[in-house]
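Participant: Please find one structure pasted underneath; my questions will follow.
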Amino acid sequence: MIVRLLGVSALVAAAAVFPAVAGAYPVKLLQEILIWGVFAMSLDLLLGYAGMVSFGHSAFFGIGGYVAALALKQSPHLLSALVLPALAAALAALVIGFFSIRVSGVYFIMLTLAFSQMFYAYAFQVAWLGAEDGIIGVPRPRLLGLDLASATVFHLYLVALIGLAALVLWRVVRSPFGHVLRGIQENEGRMEAVGYPVNRYKLLAFVIAGIVAGVAGSLYTQFVGSITPDAFFWTTSGEALLMVIIGGTGTLWGAVLGAAAFILLQSLVSSYTERWMLILGLTFVLFVLFAPGGIVGALSGRVGRRA
Amino acid sequence: MSFVPDFFGQALNGLSYGVLLFLLSVGLTLIFGMLDVVNLAHGSFYMLGAYAGLAMIAVTGNYWLAMLVAPLAVGGIGALLERACLRPLYGRSPLDQVLLTFGFIYLFEDLVKWIWGGRIRSIPPPEAFSGSVQFLGATVPSYRLFVIVFGLVMAVALWLLIERTRLGAIIRAGVFDAEMTAGVGVNIDLVFTGVFAFGAALGGLSGVIAGPIQSASPPMGAGILIPALIVVVVGGLGSLKGSLVGSLIIGQAETFGKAWLPGASMVIIYVVMALVVLLRPQGLFGRALK
Amino acid sequence: MDQLTRRRFLQTASVAAAGAGVGPWVLRAQAQSGPVKIGVVLPYTGVYAVLGESITQAMELVFARENWTVAGRKIEMIKEDDEMKPPVGIRKTEKLIDSDKVDILTGPVHSGILMGMRDKVHNSKTILIVSNAGADAISRERCSKWIFRTSFSNWQPCQPMGGWVAKNVSKEVFQIAPNYQAGKDMMAAFRETFLPAGGKLIAEDYPKLGETDYAPYITKIKQSGAKAVFAFFSGTDAVNFVKQFDQFGLKQTVKLTGAGFLTEPDVLPAQGKSALGVLTGHFYTPVLDNPVNKQFVKDFKARYNNKTPDGFAVQGYDTAEVILRALKAVNGNTQDKDKLVDAIAKVEFDSPRGRFRFDPKTHNVIQPFIYVREVREVPEFGLTNVPIDKVADVRDPGTGCTLPA
């Protein structure tokens, strides 16, 4: 336990001081990996713990991103950067979750997809959200007298917040609530029979995941300085889903590893060859066939064999 | 403006679009019903069919030959894919199938781009159906009439195959309980491969059929995936009847939506699906959920 | 030869090393005498890959003509695939600016990516030469001293068409474009000259982007009684719309007109004979009768397997020409960015499309001509856009842009 805590602290510290040793672009890549990583982690809470395969998680990423963009343009403060996006995402998750958790399996996948695509269509078409160009020129917030326009301050702010979000998710899956979720994933009928209000648990998990995804979306807006309707598009959900699966479901930190693998593959390979889609596709296929359980599975498998 | 021919014209448009959706989705629903595999690469089969058709037409100049050969080629690719990659995944988490078939979307798209280039192409309609006809006051391209007739004939033929032949009986038994079917001496492995290949061939066929109406380009497979999934869900997973009725409903809903509610054209299909899933979660003709 | 390869390798290696964060010193030493780095952000995968390909091919044609050298410095193009996705395009932009430290940035195709890049480019004082994306805002309220555009603003190919269609085709027009801002902007630009010329807008419709079945819209056009259609579509949408419009037999009774992209060579072969007779407005067509264009078409075909260049290729050609001429004017000095910007603004030359120059007020190209083109079958070119009329000196109004600032 203590070893793990030390390990995690060391990782956070390493991420925090990364800009001191790396160029501007690697830092940007790291920041993007962290943002997508926390988004993928929030999806893993649903996917790997509650057994809910959501294909509409982009809805909350997009809502967080758009609310942050609108609010930061009004007043660049903490309230706009975090509180409002989280509240909006929570509300949306409550409504979408209320309907979606009534069904399961493929129907849950498709219903969540439908909701996120409705948001996409709306954001793509209406002028007050900037239509297909989205909202641009979003300022970064000021926080306790610190101006986040500074690259160093922003990096530390990002690492701190993402560390916090990860901690929250970790606490959630470790809590009695998390154990009930796992129980639901294993055998929903039994949990119901034992007397757990299964739907209420699922809805709460959905809302927590939505909030974290909303915060990730808001951080993404602050990171780029703009947000476009693509944030809502189903490929955003699809990519997060791939990140979780590549990393290994039900581990949380696997989602971050998956995000790192996905983004590094996508951005580095494509700089060297036009055939990056082929390589990415082949990687997925080989992964499924030879490394079930994702990166985490492969890593722990090796550890296991050595022992 | 007269209401009746207008309405009739749009209904015909909806019918031809719906039939196209049926051809596109029926393979997907068969594969799902039998193998319990959500094959995200189904759109890729559609794309491969269009390109195989283009290649055949380039060589022979004959559309009908392309319609025959392209599905066979795609079916072969499907059989290979099932044997080599999908087979080891049965019994594993369905998420593995998602990752695998998603990987094949990328793979096939880039391979096709590599071989044929990224340029947009299209299949010219066969000579006999290149014009348009007047039909009760509405104008319809004759090729669309052909698609409607062909699609409905296919629906009947598939129904006969599945409901009235021994092979169909085996498939139905396999859908119901694969282990039991294997137990009575059926080579279930072969049936699985066969069904997957058949579903892939149907996807390929829809690519050739859609070619003269739409265009072909490497990303077309990824684009058609979502509408195909929606039809399958609306109709009920694994149900042939559902895939036909679902397609026709979506076809009409989209067409009249475009005609009467132009601002909503992006969301109609999702609204229809959400309503169906909420009101009748198993889809129109799906088996009731346990 | 060996030496050249080795030098190339060393350059790449040092770039990679700098990218990995090994040391900024390598870069600084290189910046004075090393290659001029041109960053290119374009789609190389997906539906719009053909556009990225055309733009890139023409740029490479021009640079190859100069043996990849300008004012004594090597030219190095660093190409990045933006996948037409804003997050990816923005990530690649940051890579090119922060890691590769490019001297000049060009691209993108997608207006959303351009809008996302805009602040990054503006704040870091990176010179961006837009080689396709037509968002009007970049020549208007979002214009920047650091941003030039060699392609077009969406307004440019459409505004002159309004008056022309009203006068020469019909005063009863049905408008149709994809349901997004660029589509609506183009339709509005058309109406600016169409309505004052006595035109009457019968109806308008906005199908979704990526629509595959236009039958309901085509039936509505037929029922509306309009005598002509003004349409903007591109890519697969353009192919599907034009083909289906023809298959419904509407071409005989309703004249199809539109923005140039409707029948550009990236879609024309797939449209085939369905496109015959379609009238569009655009700044270029490969059959233009001027010596620069004739040479360009000849060289392009020779280099790229007999491929006929399109408007996108001309955008790439002009982007490369602008870069070359500006760098020559400042003697290859890319350190003094203000001087380089001034030099770019002053560039003027004969392009395949006519006399090329930027509007000093907006840094957007002044289209020497917007041609009204009809799709015909021509012996040497096959199906192509033949100019039948033209409007000279089309410059974006630049409302809200306060350059030089």
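For the structure tokens, the naming scheme is as follows: chains receive sequential letters (A, B, ...) according to their order of presentation, residues are indexed from 1 within each chain, and ligands are indexed from 1 in presentation order.
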Tell me, counting only C-alpha atoms, for each residue of chain C within 7 Å of chain A, which pair of atoms is nearest and how far apart they are in Å to one decimal, in rows ordered by chain and increasing number, as a Markdown table.
Facilitator:
| residue | atom | partner | partner_atom | distance |
| --- | --- | --- | --- | --- |
| C:Gly19 | CA | A:Gly23 | CA | 6.9 |
| C:Gly21 | CA | A:Gly23 | CA | 4.7 |
| C:Glu80 | CA | A:Ser271 | CA | 5.8 |
| C:Asp81 | CA | A:Ser270 | CA | 6.7 |
| C:Glu94 | CA | A:Tyr25 | CA | 6.7 |
| C:Lys95 | CA | A:Tyr25 | CA | 5.5 |
| C:Asp98 | CA | A:Tyr25 | CA | 5.5 |
| C:Ser99 | CA | A:Tyr25 | CA | 5.3 |
| C:Ser111 | CA | A:Asp133 | CA | 6.9 |
| C:Gly112 | CA | A:Asp133 | CA | 4.5 |
| C:Met115 | CA | A:Asp133 | CA | 6.7 |
| C:Gly116 | CA | A:Ser226 | CA | 6.2 |
| C:Asp119 | CA | A:Gly137 | CA | 6.5 |
| C:Asn179 | CA | A:Gln125 | CA | 6.9 |
| C:Tyr180 | CA | A:Gln125 | CA | 6.1 |
| C:Gln181 | CA | A:Ala131 | CA | 6.4 |
Participant: Contacts from chain B to chain C, 9 Å maximum, only C-alpha atoms: show me the residue list as a PyMOL selection string.
Facilitator: chain B and resi 1-2+6+9-10+13-14+17+109-110+113+117-124+130-133+138-143+212-220+223+255-259+262-266
Participant: When the cut-off is 9 Å and we count only C-alpha atoms, which residues of chain A are near chain B, given as a PyMOL selection string?
Facilitator: chain A and resi 53+99-100+102-104+106-108+110-115+117-118+121-122+125+241-242+245-246+275-289+292-293
Participant: Out of segment 104-158 of chain C, which residues get strand (DSSP E) from DSSP, as a PyMOL selection string?
Facilitator: chain C and resi 104-107+127-130+147-149
Participant: Fewer than 5 positions away in the same chain doesn't count, so skip those; otherwise give me all residues within 6 Å of segment 66-82 of chain B, counting only C-alpha atoms, as a ChimeraX atom specification.
Facilitator: /B:49,52-53,56,87,193,197-198,200-201,204-205
Participant: Output C-alpha atoms for every residue in that selection, as a short mmCIF file (atom, residue, chain, number, x, y, z; two decimals), in the first residue's frame.
Facilitator:
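Final output, again12.cif:
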data_model
loop_
_atom_site.label_atom_id
_atom_site.label_comp_id
_atom_site.auth_asym_id
_atom_site.auth_seq_id
_atom_site.Cartn_x
_atom_site.Cartn_y
_atom_site.Cartn_z
CA GLY B 49 -17.73 -4.72 -52.04
CA ALA B 52 -14.26 -5.16 -55.74
CA GLY B 53 -17.19 -4.20 -57.96
CA MET B 56 -14.59 -6.09 -61.87
CA ARG B 87 -12.44 -17.49 -33.68
CA THR B 193 -17.53 -19.38 -40.55
CA ALA B 197 -18.79 -15.14 -44.65
CA PHE B 198 -22.40 -14.93 -45.80
CA ALA B 200 -19.80 -10.27 -45.13
CA ALA B 201 -20.89 -11.15 -48.67
CA GLY B 204 -20.19 -6.53 -50.06
CA LEU B 205 -23.29 -6.89 -52.20
#
Participant: Residues within 9 Å of Leu20 of chain B, please, as a list in words. Count only C-alpha atoms; anything in the same chain fewer than 6 positions from it doesn't count.
Facilitator: Val147, Ile148, Gly151, Ser206, Ile209, Ala210, Ser247 and Gly251 of chain B
Participant: Kindly save the residues from that selection, with C-alpha atoms included, as a JSON list (two decimals), in the first residue's frame.
Facilitator:
[["chain", "number", "residue", "atom", "x", "y", "z"],
["B", 147, "VAL", "CA", -32.99, -1.56, -56.19],
["B", 148, "ILE", "CA", -36.45, -1.67, -54.62],
["B", 151, "GLY", "CA", -34.06, -5.72, -52.27],
["B", 206, "SER", "CA", -24.79, -3.74, -50.68],
["B", 209, "ILE", "CA", -25.77, -2.06, -55.25],
["B", 210, "ALA", "CA", -25.26, 1.36, -53.63],
["B", 247, "SER", "CA", -34.88, -0.30, -42.56],
["B", 251, "GLY", "CA", -35.97, 5.05, -44.64]]
Participant: To test your reading of the structure, identify every residue in segment 6-113 of chain A that backbone DSSP assigns to alpha helix (DSSP H), and report it as a VMD selection string.
Facilitator: chain A and resid 6 to 21 24 to 44 58 to 74 78 84 to 100 106 to 113
Participant: Just the residues within 12 Å of Val153 of chain A, please, counting only C-alpha atoms, with nothing from its chain fewer than 2 positions along; format it as a PyMOL selection string.
Facilitator: chain A and resi 16-17+19+140-151+155-160
Participant: Need to verify the contact set: segment 87-93 of chain C, 7 Å, only C-alpha atoms, exclusion of same-chain residues closer than 2 positions in sequence. Can you return it as a list in words?
Facilitator: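 Once the adjacent positions are removed, what remains is Val41, Glu80, Asp82, Glu83, Lys85, Lys95, Leu96, Ile97, Ile113, Gly116 and Met117 of chain C.
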Participant: Store the residues picked out above, limited to N, CA and C atoms, as a PDB file, in the first residue's frame.
Facilitator:
ATOM      1  N   VAL C  41       0.203  21.472 -42.648  1.00  0.00           N
ATOM      2  CA  VAL C  41      -0.859  20.768 -41.934  1.00  0.00           C
ATOM      3  C   VAL C  41      -2.018  20.559 -42.903  1.00  0.00           C
ATOM      4  N   GLU C  80       2.337  17.103 -42.022  1.00  0.00           N
ATOM      5  CA  GLU C  80       1.592  16.472 -40.930  1.00  0.00           C
ATOM      6  C   GLU C  80       0.142  16.258 -41.344  1.00  0.00           C
ATOM      7  N   ASP C  82      -3.609  16.123 -40.636  1.00  0.00           N
ATOM      8  CA  ASP C  82      -4.527  16.633 -39.602  1.00  0.00           C
ATOM      9  C   ASP C  82      -5.809  15.815 -39.510  1.00  0.00           C
ATOM     10  N   GLU C  83      -5.971  14.834 -40.399  1.00  0.00           N
ATOM     11  CA  GLU C  83      -7.123  13.923 -40.390  1.00  0.00           C
ATOM     12  C   GLU C  83      -8.458  14.650 -40.457  1.00  0.00           C
ATOM     13  N   LYS C  85      -9.527  16.548 -38.333  1.00  0.00           N
ATOM     14  CA  LYS C  85     -10.075  16.603 -36.976  1.00  0.00           C
ATOM     15  C   LYS C  85      -9.412  17.769 -36.255  1.00  0.00           C
ATOM     16  N   LYS C  95       3.074  20.910 -32.672  1.00  0.00           N
ATOM     17  CA  LYS C  95       4.319  20.183 -32.920  1.00  0.00           C
ATOM     18  C   LYS C  95       5.195  20.985 -33.876  1.00  0.00           C
ATOM     19  N   LEU C  96       4.597  21.451 -34.965  1.00  0.00           N
ATOM     20  CA  LEU C  96       5.381  22.155 -35.974  1.00  0.00           C
ATOM     21  C   LEU C  96       5.944  23.459 -35.422  1.00  0.00           C
ATOM     22  N   ILE C  97       5.164  24.151 -34.604  1.00  0.00           N
ATOM     23  CA  ILE C  97       5.639  25.432 -34.077  1.00  0.00           C
ATOM     24  C   ILE C  97       6.632  25.211 -32.933  1.00  0.00           C
ATOM     25  N   ILE C 113     -10.288  23.712 -38.147  1.00  0.00           N
ATOM     26  CA  ILE C 113      -8.886  23.612 -37.734  1.00  0.00           C
ATOM     27  C   ILE C 113      -8.226  24.979 -37.847  1.00  0.00           C
ATOM     28  N   GLY C 116      -9.172  27.023 -34.983  1.00  0.00           N
ATOM     29  CA  GLY C 116      -8.478  26.554 -33.787  1.00  0.00           C
ATOM     30  C   GLY C 116      -7.001  26.942 -33.778  1.00  0.00           C
ATOM     31  N   MET C 117      -6.390  26.975 -34.980  1.00  0.00           N
ATOM     32  CA  MET C 117      -4.972  27.322 -35.087  1.00  0.00           C
ATOM     33  C   MET C 117      -4.748  28.823 -34.875  1.00  0.00           C
TER      34      MET C 117
END
Participant: Within 9 Å of Met59 of chain C, counting only C-alpha atoms, which residues qualify if same-chain residues fewer than 6 places away don't, as a list of chain:residue names?
Facilitator: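 The contact residues come out as C:Ala313, C:Val314, C:Gln315, C:Gly316, C:Tyr317, C:Asp318, C:Thr319, C:Ala320, C:Glu321.
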Participant: Compare A:Met191, A:Leu161, A:Val173, A:Met243 by their minimum atom-to-atom distance to Gln31 of chain A, counting only C-alpha atoms, and give me the closest one.
Facilitator: A:Leu161
Participant: Rounded to one decimal place, report the atom CA of Ile344 of chain C-atom CA of Ala259 of chain C distance in Å.
Facilitator: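 For atom CA of Ile344 of chain C relative to atom CA of Ala259 of chain C, the distance reads 28.2 Å.
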Participant: Hey, can you check how far atom CA of Val112 of chain B sits from atom CA of Gly27 of chain B?
Facilitator: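 Those two atoms sit 21.2 Å apart.
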